[in-house]
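Enquirer: Sharing upload-v7.tsv below, TSV, C-alpha atoms (C1' of nucleotides):
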chain	number	residue	atom	x	y	z
D	97	MET	CA	0.00	0.00	0.00
D	98	ALA	CA	0.98	3.57	0.18
D	99	ILE	CA	2.11	5.89	2.91
D	100	VAL	CA	-1.06	7.03	4.59
D	101	SER	CA	-2.69	10.27	3.53
D	102	ARG	CA	-2.40	11.20	7.20
D	103	TYR	CA	1.14	12.24	6.36
D	104	THR	CA	-0.11	14.59	3.67
D	105	VAL	CA	-2.64	15.98	6.12
D	106	ALA	CA	0.08	16.52	8.71
D	107	LEU	CA	2.14	18.50	6.20
D	108	HIS	CA	-0.92	20.50	5.21
D	109	ILE	CA	-1.54	21.36	8.84
D	110	LEU	CA	2.02	22.44	9.52
D	111	THR	CA	2.16	24.51	6.37
D	112	LEU	CA	-1.05	26.25	7.30
D	113	LEU	CA	0.17	26.90	10.83
D	114	GLY	CA	3.39	28.25	9.41
D	115	LEU	CA	1.46	30.66	7.27
D	116	ILE	CA	-0.83	31.90	10.00
D	117	THR	CA	1.08	31.70	13.28
D	118	GLU	CA	4.64	32.56	12.27
D	119	GLY	CA	5.68	35.97	13.53
D	120	ASN	CA	2.78	36.42	15.94
D	121	ASP	CA	1.31	34.62	18.94
D	122	THR	CA	-2.02	33.43	17.59
D	123	PHE	CA	-3.49	29.94	17.79
D	124	VAL	CA	-5.56	28.25	15.08
D	125	PRO	CA	-8.53	26.07	16.12
D	126	SER	CA	-8.94	22.61	14.62
D	127	ASP	CA	-12.18	23.61	12.89
D	128	ARG	CA	-10.41	26.17	10.81
D	129	ILE	CA	-7.65	23.73	9.88
D	130	ALA	CA	-10.28	21.13	9.01
D	131	ALA	CA	-11.94	23.61	6.68
D	132	SER	CA	-8.71	24.08	4.76
D	133	VAL	CA	-7.88	20.38	4.60
D	134	ASN	CA	-11.51	19.57	3.84
D	135	THR	CA	-12.06	16.92	6.45
D	136	ASN	CA	-13.45	16.71	9.98
D	137	PRO	CA	-11.96	18.39	13.06
D	138	VAL	CA	-11.62	15.18	15.06
D	139	PHE	CA	-9.29	13.68	12.51
D	140	ILE	CA	-7.30	16.90	12.51
D	141	ARG	CA	-7.04	16.86	16.29
D	142	ARG	CA	-5.85	13.27	16.21
D	143	VAL	CA	-3.05	14.20	13.84
D	144	LEU	CA	-2.27	17.31	15.88
D	145	GLY	CA	-2.01	15.20	19.01
D	146	THR	CA	0.64	13.06	17.33
D	147	LEU	CA	2.52	16.14	16.16
D	148	ARG	CA	2.38	17.60	19.64
D	149	LYS	CA	3.94	14.46	21.16
D	150	ALA	CA	6.74	14.90	18.64
D	151	GLY	CA	7.21	18.49	19.76
D	152	LEU	CA	6.28	20.03	16.43
D	153	VAL	CA	3.18	21.96	17.52
D	154	SER	CA	1.93	23.39	20.78
D	155	VAL	CA	-1.62	23.74	21.99
D	156	GLN	CA	-3.60	26.30	23.90
D	157	ARG	CA	-6.62	24.80	25.61
D	158	GLY	CA	-9.73	26.53	26.86
D	159	GLY	CA	-11.51	29.76	26.19
D	160	THR	CA	-11.66	31.96	23.13
D	161	GLY	CA	-8.47	32.00	21.10
D	162	ALA	CA	-7.64	28.38	21.91
D	163	GLY	CA	-5.99	26.30	19.20
D	164	TRP	CA	-2.66	25.31	17.76
D	165	ARG	CA	0.57	26.85	16.54
D	166	LEU	CA	4.01	25.68	15.47
D	167	ALA	CA	6.35	24.84	18.33
D	168	ARG	CA	9.40	25.59	16.16
D	169	HIS	CA	10.15	27.87	13.27
D	170	PRO	CA	9.02	26.40	9.92
D	171	GLY	CA	12.63	26.38	8.71
D	172	GLU	CA	13.53	24.08	11.59
D	173	ILE	CA	11.02	21.36	10.80
D	174	THR	CA	12.03	18.95	8.06
D	175	LEU	CA	9.61	16.67	6.27
D	176	LEU	CA	11.58	13.80	7.76
D	177	ASP	CA	10.74	15.05	11.26
D	178	VAL	CA	7.10	14.89	10.29
D	179	TYR	CA	7.52	11.46	8.71
D	180	ARG	CA	9.09	10.12	11.88
D	181	ALA	CA	6.23	11.54	13.93
D	182	ILE	CA	3.46	10.12	11.77
D	183	VAL	CA	4.80	6.87	10.31
D	184	GLN	CA	6.02	4.26	12.76
D	185	THR	CA	6.11	1.15	10.60
D	186	PRO	CA	9.04	0.29	8.34
D	187	LEU	CA	8.52	1.04	4.68
D	188	PHE	CA	8.84	-2.57	3.51
D	189	GLU	CA	7.12	-5.49	5.18
D	190	LEU	CA	8.82	-8.83	5.51
D	191	HIS	CA	6.94	-12.15	5.41
D	192	HIS	CA	3.81	-12.38	7.53
D	193	SER	CA	4.80	-15.85	8.73
D	194	THR	CA	8.48	-16.72	8.94
D	195	PRO	CA	9.64	-18.67	5.90
D	196	ASN	CA	10.67	-22.31	6.00
D	197	GLN	CA	13.97	-22.50	7.87
D	198	ARG	CA	14.79	-25.87	6.30
D	199	CYS	CA	15.14	-24.15	2.91
D	200	VAL	CA	18.31	-22.27	1.99
D	201	ILE	CA	16.30	-19.35	0.69
D	202	GLY	CA	13.88	-19.34	3.59
D	203	ARG	CA	16.80	-19.32	5.99
D	204	GLY	CA	18.75	-16.40	4.54
D	205	ILE	CA	16.38	-14.14	2.66
D	206	GLN	CA	15.00	-12.06	5.50
D	207	SER	CA	18.47	-11.07	6.60
D	208	ALA	CA	19.46	-10.20	3.03
D	209	LEU	CA	16.30	-8.22	2.40
D	210	LYS	CA	16.63	-6.33	5.65
D	211	ASP	CA	19.78	-4.61	4.44
D	212	ILE	CA	18.37	-3.79	1.03
D	213	TYR	CA	15.14	-2.47	2.50
D	214	GLU	CA	16.99	-0.30	4.96
D	215	ASN	CA	19.13	1.24	2.25
D	216	SER	CA	16.08	1.98	0.18
D	217	GLU	CA	14.13	3.50	3.04
D	218	THR	CA	17.13	5.59	4.02
D	219	ALA	CA	17.42	6.97	0.51
D	220	MET	CA	13.80	8.05	0.61
D	221	LYS	CA	14.21	9.69	4.00
D	222	ARG	CA	17.32	11.51	2.86
D	223	GLU	CA	15.17	13.35	0.32
D	224	LEU	CA	12.56	14.23	2.92
D	225	ALA	CA	15.26	15.56	5.24
D	226	GLN	CA	16.28	18.16	2.66
D	227	VAL	CA	12.93	19.93	2.64
D	228	THR	CA	11.58	22.04	5.51
D	229	VAL	CA	8.08	23.25	6.23
D	230	ALA	CA	9.33	26.71	5.29
D	231	ASP	CA	10.34	25.40	1.85
D	232	LEU	CA	6.99	23.71	1.45
D	233	LEU	CA	5.15	26.87	2.47
D	234	ARG	CA	7.13	28.94	0.00
D	235	GLU	CA	6.49	26.50	-2.83
D	236	THR	CA	2.83	26.23	-1.94
D	237	VAL	CA	2.05	29.92	-2.02
D	238	ALA	CA	4.11	30.27	-5.20
D	239	ARG	CA	1.82	27.81	-6.96
D	240	LYS	CA	-1.55	29.20	-6.03
D	241	GLY	CA	-3.89	27.84	-8.64
D	242	ARG	CA	-1.50	25.83	-10.75
D	243	ASN	CA	-2.42	22.19	-11.30
D	244	SER	CA	0.90	20.48	-11.82
O	11	MET	CA	1.13	1.83	5.93
O	12	ALA	CA	3.92	-0.19	4.47
O	13	ILE	CA	4.73	-1.75	1.14
O	14	VAL	CA	2.80	-4.99	1.03
O	15	SER	CA	4.52	-8.18	2.08
O	16	ARG	CA	3.49	-9.44	-1.34
O	17	TYR	CA	6.61	-7.71	-2.59
O	18	THR	CA	8.77	-9.68	-0.20
O	19	VAL	CA	7.03	-12.85	-1.30
O	20	ALA	CA	7.67	-11.99	-4.94
O	21	LEU	CA	11.37	-11.57	-4.23
O	22	HIS	CA	11.42	-14.81	-2.30
O	23	ILE	CA	9.82	-16.61	-5.25
O	24	LEU	CA	12.24	-15.19	-7.79
O	25	THR	CA	15.25	-15.98	-5.63
O	26	LEU	CA	14.07	-19.54	-5.18
O	27	LEU	CA	13.45	-19.94	-8.91
O	28	GLY	CA	16.87	-18.51	-9.59
O	29	LEU	CA	18.41	-21.10	-7.30
O	30	ILE	CA	16.54	-24.06	-8.75
O	31	THR	CA	15.89	-23.34	-12.41
O	32	GLU	CA	18.98	-21.43	-13.49
O	33	GLY	CA	21.22	-23.51	-15.76
O	34	ASN	CA	18.66	-26.21	-16.47
O	35	ASP	CA	15.15	-26.47	-17.91
O	36	THR	CA	13.14	-27.51	-14.88
O	37	PHE	CA	9.90	-25.97	-13.62
O	38	VAL	CA	8.94	-25.53	-9.97
O	39	PRO	CA	5.30	-26.08	-8.92
O	40	SER	CA	3.54	-23.54	-6.75
O	41	ASP	CA	3.19	-26.03	-3.89
O	42	ARG	CA	6.91	-26.31	-3.54
O	43	ILE	CA	7.34	-22.54	-3.60
O	44	ALA	CA	4.58	-22.20	-1.03
O	45	ALA	CA	6.39	-24.61	1.25
O	46	SER	CA	9.51	-22.44	1.18
O	47	VAL	CA	7.64	-19.18	1.65
O	48	ASN	CA	5.42	-20.82	4.27
O	49	THR	CA	2.06	-19.76	2.88
O	50	ASN	CA	-0.62	-21.24	0.62
O	51	PRO	CA	-0.18	-22.10	-3.07
O	52	VAL	CA	-3.07	-19.94	-4.26
O	53	PHE	CA	-1.45	-16.80	-2.95
O	54	ILE	CA	1.80	-17.87	-4.58
O	55	ARG	CA	0.06	-18.44	-7.92
O	56	ARG	CA	-1.56	-15.02	-7.70
O	57	VAL	CA	1.82	-13.38	-7.26
O	58	LEU	CA	3.30	-15.55	-10.01
O	59	GLY	CA	0.53	-14.48	-12.35
O	60	THR	CA	1.49	-10.86	-11.80
O	61	LEU	CA	5.14	-11.63	-12.36
O	62	ARG	CA	4.28	-13.51	-15.55
O	63	LYS	CA	2.40	-10.52	-16.96
O	64	ALA	CA	5.53	-8.47	-16.30
O	65	GLY	CA	7.60	-11.01	-18.22
O	66	LEU	CA	9.69	-12.06	-15.24
O	67	VAL	CA	8.66	-15.72	-15.02
O	68	SER	CA	7.26	-18.26	-17.47
O	69	VAL	CA	4.84	-21.08	-16.80
O	70	GLN	CA	4.47	-24.65	-18.00
O	71	ARG	CA	0.92	-25.88	-17.68
O	72	GLY	CA	-0.38	-29.44	-17.54
O	73	GLY	CA	1.07	-32.83	-16.85
O	74	THR	CA	3.91	-33.89	-14.64
O	75	GLY	CA	6.75	-31.41	-14.41
O	76	ALA	CA	4.47	-28.39	-14.76
O	77	GLY	CA	5.41	-25.25	-12.84
O	78	TRP	CA	7.37	-22.04	-13.07
O	79	ARG	CA	10.83	-20.79	-13.92
O	80	LEU	CA	12.57	-17.48	-14.48
O	81	ALA	CA	11.96	-15.92	-17.87
O	82	ARG	CA	15.27	-14.04	-17.70
O	83	HIS	CA	18.61	-14.62	-16.07
O	84	PRO	CA	18.67	-13.58	-12.40
O	85	GLY	CA	21.29	-10.97	-13.16
O	86	GLU	CA	18.91	-9.29	-15.55
O	87	ILE	CA	16.06	-8.79	-13.08
O	88	THR	CA	16.44	-5.81	-10.77
O	89	LEU	CA	14.43	-5.36	-7.59
O	90	LEU	CA	12.94	-2.30	-9.25
O	91	ASP	CA	11.55	-4.48	-12.05
O	92	VAL	CA	9.84	-6.54	-9.39
O	93	TYR	CA	8.62	-3.45	-7.58
O	94	ARG	CA	7.05	-2.09	-10.74
O	95	ALA	CA	5.36	-5.41	-11.37
O	96	ILE	CA	3.90	-5.75	-7.88
O	97	VAL	CA	3.26	-2.21	-6.66
O	98	GLN	CA	1.05	-0.01	-8.79
O	99	THR	CA	0.12	2.74	-6.36
O	100	PRO	CA	2.36	5.76	-5.72
O	101	LEU	CA	4.34	5.60	-2.51
O	102	PHE	CA	2.74	8.69	-0.94
O	103	GLU	CA	-0.98	9.35	-0.90
O	104	LEU	CA	-2.35	12.84	-1.34
O	105	HIS	CA	-5.55	14.05	0.35
O	106	HIS	CA	-8.55	11.75	0.15
O	107	SER	CA	-10.83	14.67	-0.67
O	108	THR	CA	-9.39	17.66	-2.47
O	109	PRO	CA	-8.50	20.47	-0.06
O	110	ASN	CA	-10.32	23.77	0.08
O	111	GLN	CA	-9.48	25.69	-3.09
O	112	ARG	CA	-10.42	28.98	-1.48
O	113	CYS	CA	-7.44	28.65	0.86
O	114	VAL	CA	-3.93	29.53	-0.31
O	115	ILE	CA	-2.54	26.37	1.19
O	116	GLY	CA	-5.34	24.20	-0.08
O	117	ARG	CA	-4.84	25.59	-3.55
O	118	GLY	CA	-1.11	25.04	-3.88
O	119	ILE	CA	-0.07	22.24	-1.58
O	120	GLN	CA	-0.89	19.24	-3.74
O	121	SER	CA	1.20	20.56	-6.57
O	122	ALA	CA	4.09	21.29	-4.22
O	123	LEU	CA	3.88	17.92	-2.53
O	124	LYS	CA	3.69	16.10	-5.83
O	125	ASP	CA	7.24	17.15	-6.71
O	126	ILE	CA	8.64	16.32	-3.30
O	127	TYR	CA	6.93	12.95	-3.22
O	128	GLU	CA	8.19	12.08	-6.66
O	129	ASN	CA	11.76	12.92	-5.72
O	130	SER	CA	11.50	10.82	-2.64
O	131	GLU	CA	9.98	7.83	-4.40
O	132	THR	CA	12.58	8.07	-7.14
O	133	ALA	CA	15.38	7.99	-4.59
O	134	MET	CA	13.97	4.81	-3.11
O	135	LYS	CA	13.61	3.19	-6.53
O	136	ARG	CA	17.16	4.13	-7.46
O	137	GLU	CA	18.37	1.91	-4.64
O	138	LEU	CA	16.18	-0.97	-5.73
O	139	ALA	CA	17.45	-0.66	-9.28
O	140	GLN	CA	21.00	-1.34	-8.14
O	141	VAL	CA	20.27	-4.82	-6.84
O	142	THR	CA	19.45	-7.83	-9.03
O	143	VAL	CA	17.87	-11.15	-8.15
O	144	ALA	CA	21.31	-12.67	-8.70
O	145	ASP	CA	22.72	-10.35	-6.02
O	146	LEU	CA	19.91	-11.23	-3.68
O	147	LEU	CA	20.42	-14.94	-4.28
O	148	ARG	CA	24.14	-14.65	-3.59
O	149	GLU	CA	23.55	-12.71	-0.38
O	150	THR	CA	20.83	-15.09	0.73
O	151	VAL	CA	22.86	-18.27	0.44
O	152	ALA	CA	25.82	-16.52	2.03
O	153	ARG	CA	23.74	-15.86	5.14
O	154	LYS	CA	22.28	-19.27	5.77
O	155	GLY	CA	21.31	-19.27	9.38
O	156	ARG	CA	22.38	-15.81	10.39
O	157	ASN	CA	19.75	-13.68	12.07
O	158	SER	CA	20.72	-10.15	11.21
N	13	DC	C1'	-20.74	31.09	34.97
N	14	DC	C1'	-20.53	31.02	29.96
N	15	DA	C1'	-18.48	30.02	25.69
N	16	DA	C1'	-15.19	28.11	22.82
N	17	DA	C1'	-12.14	24.99	22.37
N	18	DT	C1'	-9.44	20.48	23.19
N	19	DG	C1'	-9.01	15.34	24.18
N	20	DT	C1'	-10.76	11.03	23.56
N	21	DA	C1'	-13.76	7.14	23.41
N	22	DA	C1'	-16.92	4.59	20.75
N	23	DC	C1'	-18.84	3.13	16.69
N	24	DC	C1'	-19.13	2.68	11.77
N	25	DA	C1'	-18.21	2.10	6.64
N	26	DT	C1'	-14.89	1.05	3.56
N	27	DG	C1'	-11.06	-1.10	1.65
N	28	DT	C1'	-6.99	-4.13	1.50
N	29	DC	C1'	-4.61	-8.11	2.45
N	30	DA	C1'	-3.88	-12.79	2.66
N	31	DG	C1'	-5.86	-17.53	3.83
N	32	DT	C1'	-9.01	-21.01	2.26
N	33	DT	C1'	-12.08	-23.86	-0.47
N	34	DA	C1'	-13.58	-25.18	-4.70
N	35	DC	C1'	-13.47	-26.27	-9.32
N	36	DA	C1'	-12.78	-25.74	-14.35
N	37	DT	C1'	-8.91	-26.27	-17.36
N	38	DC	C1'	-4.76	-27.82	-19.26
N	39	DA	C1'	-1.25	-31.13	-21.11
N	40	DG	C1'	2.19	-34.81	-20.43
N	41	DA	C1'	2.59	-39.93	-19.34
N	42	DG	C1'	1.12	-44.34	-19.79
E	134	DC	C1'	-7.98	-41.89	-24.24
E	135	DT	C1'	-7.84	-41.66	-19.69
E	136	DC	C1'	-5.32	-40.60	-15.54
E	137	DT	C1'	-2.82	-37.35	-13.05
E	138	DG	C1'	-0.52	-33.42	-11.51
E	139	DA	C1'	-0.55	-29.07	-12.10
E	140	DT	C1'	-2.32	-24.05	-13.30
E	141	DG	C1'	-5.95	-20.20	-13.29
E	142	DT	C1'	-9.44	-18.02	-11.01
E	143	DA	C1'	-13.63	-17.06	-8.56
E	144	DA	C1'	-15.79	-16.67	-4.17
E	145	DC	C1'	-15.86	-16.23	0.57
E	146	DT	C1'	-13.74	-15.16	4.95
E	147	DG	C1'	-11.26	-12.98	9.01
E	148	DA	C1'	-8.27	-9.62	10.40
E	149	DC	C1'	-6.81	-5.16	10.29
E	150	DA	C1'	-6.10	-0.13	9.06
E	151	DT	C1'	-8.02	4.07	7.85
E	152	DG	C1'	-10.72	7.87	8.25
E	153	DG	C1'	-15.63	9.81	9.14
E	154	DT	C1'	-18.99	10.73	12.70
E	155	DT	C1'	-21.26	11.47	17.09
E	156	DA	C1'	-20.90	12.32	21.70
E	157	DC	C1'	-19.27	14.12	25.78
E	158	DA	C1'	-16.08	15.17	29.59
E	159	DT	C1'	-12.58	18.62	30.29
E	160	DT	C1'	-10.21	22.85	30.11
E	161	DT	C1'	-9.69	27.87	30.53
E	162	DG	C1'	-10.13	32.77	29.08
E	163	DG	C1'	-13.47	36.43	29.55
How does the structure come out when it is put into structure tokens?
Expert:
Amino acid sequence: MAIVSRYTVALHILTLLGLITEGNDTFVPSDRIAASVNTNPVFIRRVLGTLRKAGLVSVQRGGTGAGWRLARHPGEITLLDVYRAIVQTPLFELHHSTPNQRCVIGRGIQSALKDIYENSETAMKRELAQVTVADLLRETVARKGRNS
Amino acid sequence: MAIVSRYTVALHILTLLGLITEGNDTFVPSDRIAASVNTNPVFIRRVLGTLRKAGLVSVQRGGTGAGWRLARHPGEITLLDVYRAIVQTPLFELHHSTPNQRCVIGRGIQSALKDIYENSETAMKRELAQVTVADLLRETVARKGRNS
DNA sequence: CCAAATGTAACCATGTCAGTTACATCAGAG
DNA sequence: CTCTGATGTAACTGACATGGTTACATTTGG
């Protein structure tokens, strides 16, 4: 399967918070974020909770003006930070049930694949590490309206 | 989520076929493959069917000695070939429902993410392209018994 | 105290994955 | 020509993940 759209939503959230809360001390409620992402506020709050545990956003509870803002500057959050917060599982799955250990292939393949899979996942993460939320925000506003 | 374990099974199959059918003209039945992978033959045949459509394996139907073998030499099948055969979906999912087009972020983020996601997926595939089934087979038999 | 939020549980619909059973089909061996 | 060992594929299932929805207790500024 693919990497969950929750990751895309997380990046959308952080980009939006970067746009609105950077340079001031405002907080954005989950309803408003949900309206931009076009989904429901509960899902947004679930993602925000995960991002908060990772130290990427901070929350203000209670009263008018409650909501969320970035906990760091957008230039100090890489897409890999967000990936690590949202995605816990390794990119490639091994066998569901361990292969037959009485077969040469069954005995050695998981170990061999582990290395290859790690290299491949690392290469993907290396790309994500080179982009920050600030970069994404800049690119996003630059493309207002374009389709590709 | 993660890349389906079906991909791991496909690599297991091809490695096993490389071991058994390279240098002779034998065919391996799905039952025997299933015994090595430790799963059921129907699942194996489903994966083999996909690999056959991609031109990676060939099948001999009917009679004794029916089964499967590699359609190319193991050194001429990269892990990226297998990936392309098995995985059709892009690595990263975008939003399930299109974001709010009246918001600056909602308007531009999909386009911005598309580029980043493509770069990242390409980096992963570049690693897979550097390994062949022959490499995997060599590594696998070299590690008989080791756990990591 | 009121109002506007968060935090979270509970439930649901949907979809994917892989396991299983079943059976029609194929083709070599005798 | 039949027997036999296999493929090809449909159909059903259980398990699980995902995200949508409702509901409500909790928090806190005004």
Enquirer: Excluding same-chain residues fewer than 5 positions from O:Leu58, what lies within 12 Å of it counting only C-alpha atoms (C1' of nucleotides), as a PyMOL selection string?
Expert: (chain O and resi 16-17+19-24+27+38-40+43-44+51-53+63-69+77-81+92+95-96) or (chain E and resi 140-141)
Enquirer: For chain O, report every residue with an atom at most 8 Å from chain N (counting only C-alpha atoms (C1' of nucleotides)), formatted as a PyMOL selection string.
Expert: chain O and resi 50+53+71-74
Enquirer: Give me a file of those residues, with C-alpha atoms, as a PDB file, in the coordinates of the input.
Expert:
ATOM      1  CA  ASN O  50      -0.620 -21.240   0.620  1.00  0.00           C
ATOM      2  CA  PHE O  53      -1.450 -16.800  -2.950  1.00  0.00           C
ATOM      3  CA  ARG O  71       0.920 -25.880 -17.680  1.00  0.00           C
ATOM      4  CA  GLY O  72      -0.380 -29.440 -17.540  1.00  0.00           C
ATOM      5  CA  GLY O  73       1.070 -32.830 -16.850  1.00  0.00           C
ATOM      6  CA  THR O  74       3.910 -33.890 -14.640  1.00  0.00           C
TER       7      THR O  74
END
Enquirer: Measure the distance from atom CA of D:Glu118 to atom CA of D:Glu235 in Å and round it to one decimal.
Expert: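 Computed distance, atom CA of D:Glu118 to atom CA of D:Glu235, equals 16.4 Å.
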Enquirer: Applying 9 Å and all atoms listed in the file, which residues near D:Val229 remain after dropping the ones on its own chain fewer than 2 positions away? List them as a list of chain:residue names.
Expert: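 Listed by chain and then number, they are D:Leu107, D:Leu110, D:Thr111, D:Gly114, D:His169, D:Pro170, D:Gly171, D:Glu172, D:Ile173, D:Thr174, D:Leu175, D:Val227, D:Asp231, D:Leu232, D:Leu233, D:Arg234.
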Enquirer: In Å, with one decimal, what is the gap from atom CA of D:Ile116 to atom CA of D:Gln184?
Expert: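 Taking atom CA of D:Ile116 and atom CA of D:Gln184, their separation equals 28.6 Å.
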Enquirer: Calculate how many Å separate atom CA of D:Tyr213 from atom CA of D:Val183, rounding to one decimal.
Expert: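 It comes out at 16.0 Å.
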Enquirer: Using all atoms listed in the file, what does the table of chain E residues within 6 Å of chain D look like, with each row giving the shortest atom pair and its distance in Å to one decimal, sorted by chain and ascending number, as a Markdown table?
Expert:
| residue | atom | partner | partner_atom | distance |
| --- | --- | --- | --- | --- |
| E:DT160 | C1' | D:Gly158 | CA | 4.9 |
| E:DT161 | C1' | D:Gly158 | CA | 3.9 |
| E:DG162 | C1' | D:Gly159 | CA | 4.4 |
Enquirer: Of the residues O:Leu61, O:Arg112, O:Tyr93, O:Ser130, which is the one nearest to O:Thr18, using all atoms listed in the file?
Expert: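 Closest to O:Thr18, using all atoms listed in the file: O:Tyr93.
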Enquirer: Would you tabulate, counting all atoms listed in the file, all residues of chain O that have an atom at most 6 Å from an atom of chain D, showing the closest pair of atoms and their distance in Å to one decimal, sorted by chain then ascending number, as a Markdown table?
Expert:
| residue | atom | partner | partner_atom | distance |
| --- | --- | --- | --- | --- |
| O:Met11 | CA | D:Ile99 | CA | 5.2 |
| O:Ala12 | CA | D:Leu187 | CA | 4.8 |
| O:Ile13 | CA | D:Phe188 | CA | 4.8 |
| O:Val14 | CA | D:Met97 | CA | 5.8 |
| O:Ser15 | CA | D:Glu189 | CA | 4.9 |
| O:Thr18 | CA | D:Leu190 | CA | 5.8 |
| O:Ser46 | CA | D:Asn196 | CA | 5.0 |
| O:Val47 | CA | D:Pro195 | CA | 4.7 |
| O:Asn48 | CA | D:Pro195 | CA | 5.0 |
| O:Leu101 | CA | D:Ala98 | CA | 4.8 |
| O:Phe102 | CA | D:Ile99 | CA | 4.8 |
| O:Glu103 | CA | D:Ser101 | CA | 4.8 |
| O:Leu104 | CA | D:Ser101 | CA | 5.5 |
| O:His105 | CA | D:Ser101 | CA | 5.7 |
| O:Pro109 | CA | D:Val133 | CA | 4.7 |
| O:Asn110 | CA | D:Ser132 | CA | 5.0 |
| O:Gly116 | CA | D:Ser132 | CA | 5.9 |
| O:Arg117 | CA | D:Lys240 | CA | 5.5 |
| O:Gly118 | CA | D:Thr236 | CA | 4.6 |
| O:Ile119 | CA | D:Thr236 | CA | 4.9 |
| O:Ser121 | CA | D:Ser244 | CA | 5.3 |
| O:Ala122 | CA | D:Thr236 | CA | 5.6 |
| O:Ser130 | CA | D:Met220 | CA | 4.9 |
| O:Ala133 | CA | D:Met220 | CA | 5.4 |
| O:Met134 | CA | D:Ser216 | CA | 4.8 |
| O:Glu137 | CA | D:Ser216 | CA | 5.3 |
| O:Glu149 | CA | D:Ala208 | CA | 5.9 |
| O:Thr150 | CA | D:Gly204 | CA | 4.5 |
| O:Arg153 | CA | D:Gly204 | CA | 5.1 |
| O:Lys154 | CA | D:Gly204 | CA | 4.7 |
| O:Gly155 | CA | D:Arg203 | CA | 5.6 |
| O:Ser158 | CA | D:Ser207 | CA | 5.2 |
Enquirer: Taking the partial coordinates given, rebuild stretch 124-140 of chain O to contain N, CA and C atoms; return it as a PDB file, in the frame of the given file.
Expert:
ATOM      1  N   LYS O 124       3.492  17.052  -4.733  1.00  0.00           N
ATOM      2  CA  LYS O 124       3.690  16.100  -5.830  1.00  0.00           C
ATOM      3  C   LYS O 124       5.171  16.006  -6.206  1.00  0.00           C
ATOM      4  N   ASP O 125       5.819  17.145  -6.358  1.00  0.00           N
ATOM      5  CA  ASP O 125       7.240  17.150  -6.710  1.00  0.00           C
ATOM      6  C   ASP O 125       8.093  16.483  -5.640  1.00  0.00           C
ATOM      7  N   ILE O 126       7.840  16.866  -4.395  1.00  0.00           N
ATOM      8  CA  ILE O 126       8.640  16.320  -3.300  1.00  0.00           C
ATOM      9  C   ILE O 126       8.457  14.807  -3.201  1.00  0.00           C
ATOM     10  N   TYR O 127       7.220  14.382  -3.303  1.00  0.00           N
ATOM     11  CA  TYR O 127       6.930  12.950  -3.220  1.00  0.00           C
ATOM     12  C   TYR O 127       7.587  12.183  -4.352  1.00  0.00           C
ATOM     13  N   GLU O 128       7.560  12.754  -5.524  1.00  0.00           N
ATOM     14  CA  GLU O 128       8.190  12.080  -6.660  1.00  0.00           C
ATOM     15  C   GLU O 128       9.688  11.934  -6.453  1.00  0.00           C
ATOM     16  N   ASN O 129      10.325  12.997  -5.989  1.00  0.00           N
ATOM     17  CA  ASN O 129      11.760  12.920  -5.720  1.00  0.00           C
ATOM     18  C   ASN O 129      12.073  11.821  -4.726  1.00  0.00           C
ATOM     19  N   SER O 130      11.250  11.758  -3.705  1.00  0.00           N
ATOM     20  CA  SER O 130      11.500  10.820  -2.640  1.00  0.00           C
ATOM     21  C   SER O 130      11.303   9.378  -3.119  1.00  0.00           C
ATOM     22  N   GLU O 131      10.240   9.174  -3.876  1.00  0.00           N
ATOM     23  CA  GLU O 131       9.980   7.830  -4.400  1.00  0.00           C
ATOM     24  C   GLU O 131      11.064   7.416  -5.383  1.00  0.00           C
ATOM     25  N   THR O 132      11.515   8.364  -6.172  1.00  0.00           N
ATOM     26  CA  THR O 132      12.580   8.070  -7.140  1.00  0.00           C
ATOM     27  C   THR O 132      13.858   7.653  -6.432  1.00  0.00           C
ATOM     28  N   ALA O 133      14.163   8.325  -5.335  1.00  0.00           N
ATOM     29  CA  ALA O 133      15.380   7.990  -4.590  1.00  0.00           C
ATOM     30  C   ALA O 133      15.313   6.562  -4.070  1.00  0.00           C
ATOM     31  N   MET O 134      14.142   6.178  -3.599  1.00  0.00           N
ATOM     32  CA  MET O 134      13.970   4.810  -3.110  1.00  0.00           C
ATOM     33  C   MET O 134      14.153   3.804  -4.253  1.00  0.00           C
ATOM     34  N   LYS O 135      13.534   4.125  -5.393  1.00  0.00           N
ATOM     35  CA  LYS O 135      13.610   3.190  -6.530  1.00  0.00           C
ATOM     36  C   LYS O 135      15.033   3.072  -7.063  1.00  0.00           C
ATOM     37  N   ARG O 136      15.780   4.163  -6.974  1.00  0.00           N
ATOM     38  CA  ARG O 136      17.160   4.130  -7.460  1.00  0.00           C
ATOM     39  C   ARG O 136      17.953   3.071  -6.699  1.00  0.00           C
ATOM     40  N   GLU O 137      17.683   2.939  -5.416  1.00  0.00           N
ATOM     41  CA  GLU O 137      18.370   1.910  -4.640  1.00  0.00           C
ATOM     42  C   GLU O 137      17.962   0.516  -5.089  1.00  0.00           C
ATOM     43  N   LEU O 138      16.665   0.345  -5.309  1.00  0.00           N
ATOM     44  CA  LEU O 138      16.180  -0.970  -5.730  1.00  0.00           C
ATOM     45  C   LEU O 138      16.747  -1.365  -7.089  1.00  0.00           C
ATOM     46  N   ALA O 139      16.966  -0.373  -7.938  1.00  0.00           N
ATOM     47  CA  ALA O 139      17.450  -0.660  -9.280  1.00  0.00           C
ATOM     48  C   ALA O 139      18.880  -1.174  -9.280  1.00  0.00           C
ATOM     49  N   GLN O 140      19.585  -0.948  -8.166  1.00  0.00           N
ATOM     50  CA  GLN O 140      21.000  -1.340  -8.140  1.00  0.00           C
ATOM     51  C   GLN O 140      21.203  -2.777  -7.686  1.00  0.00           C
TER      52      GLN O 140
END
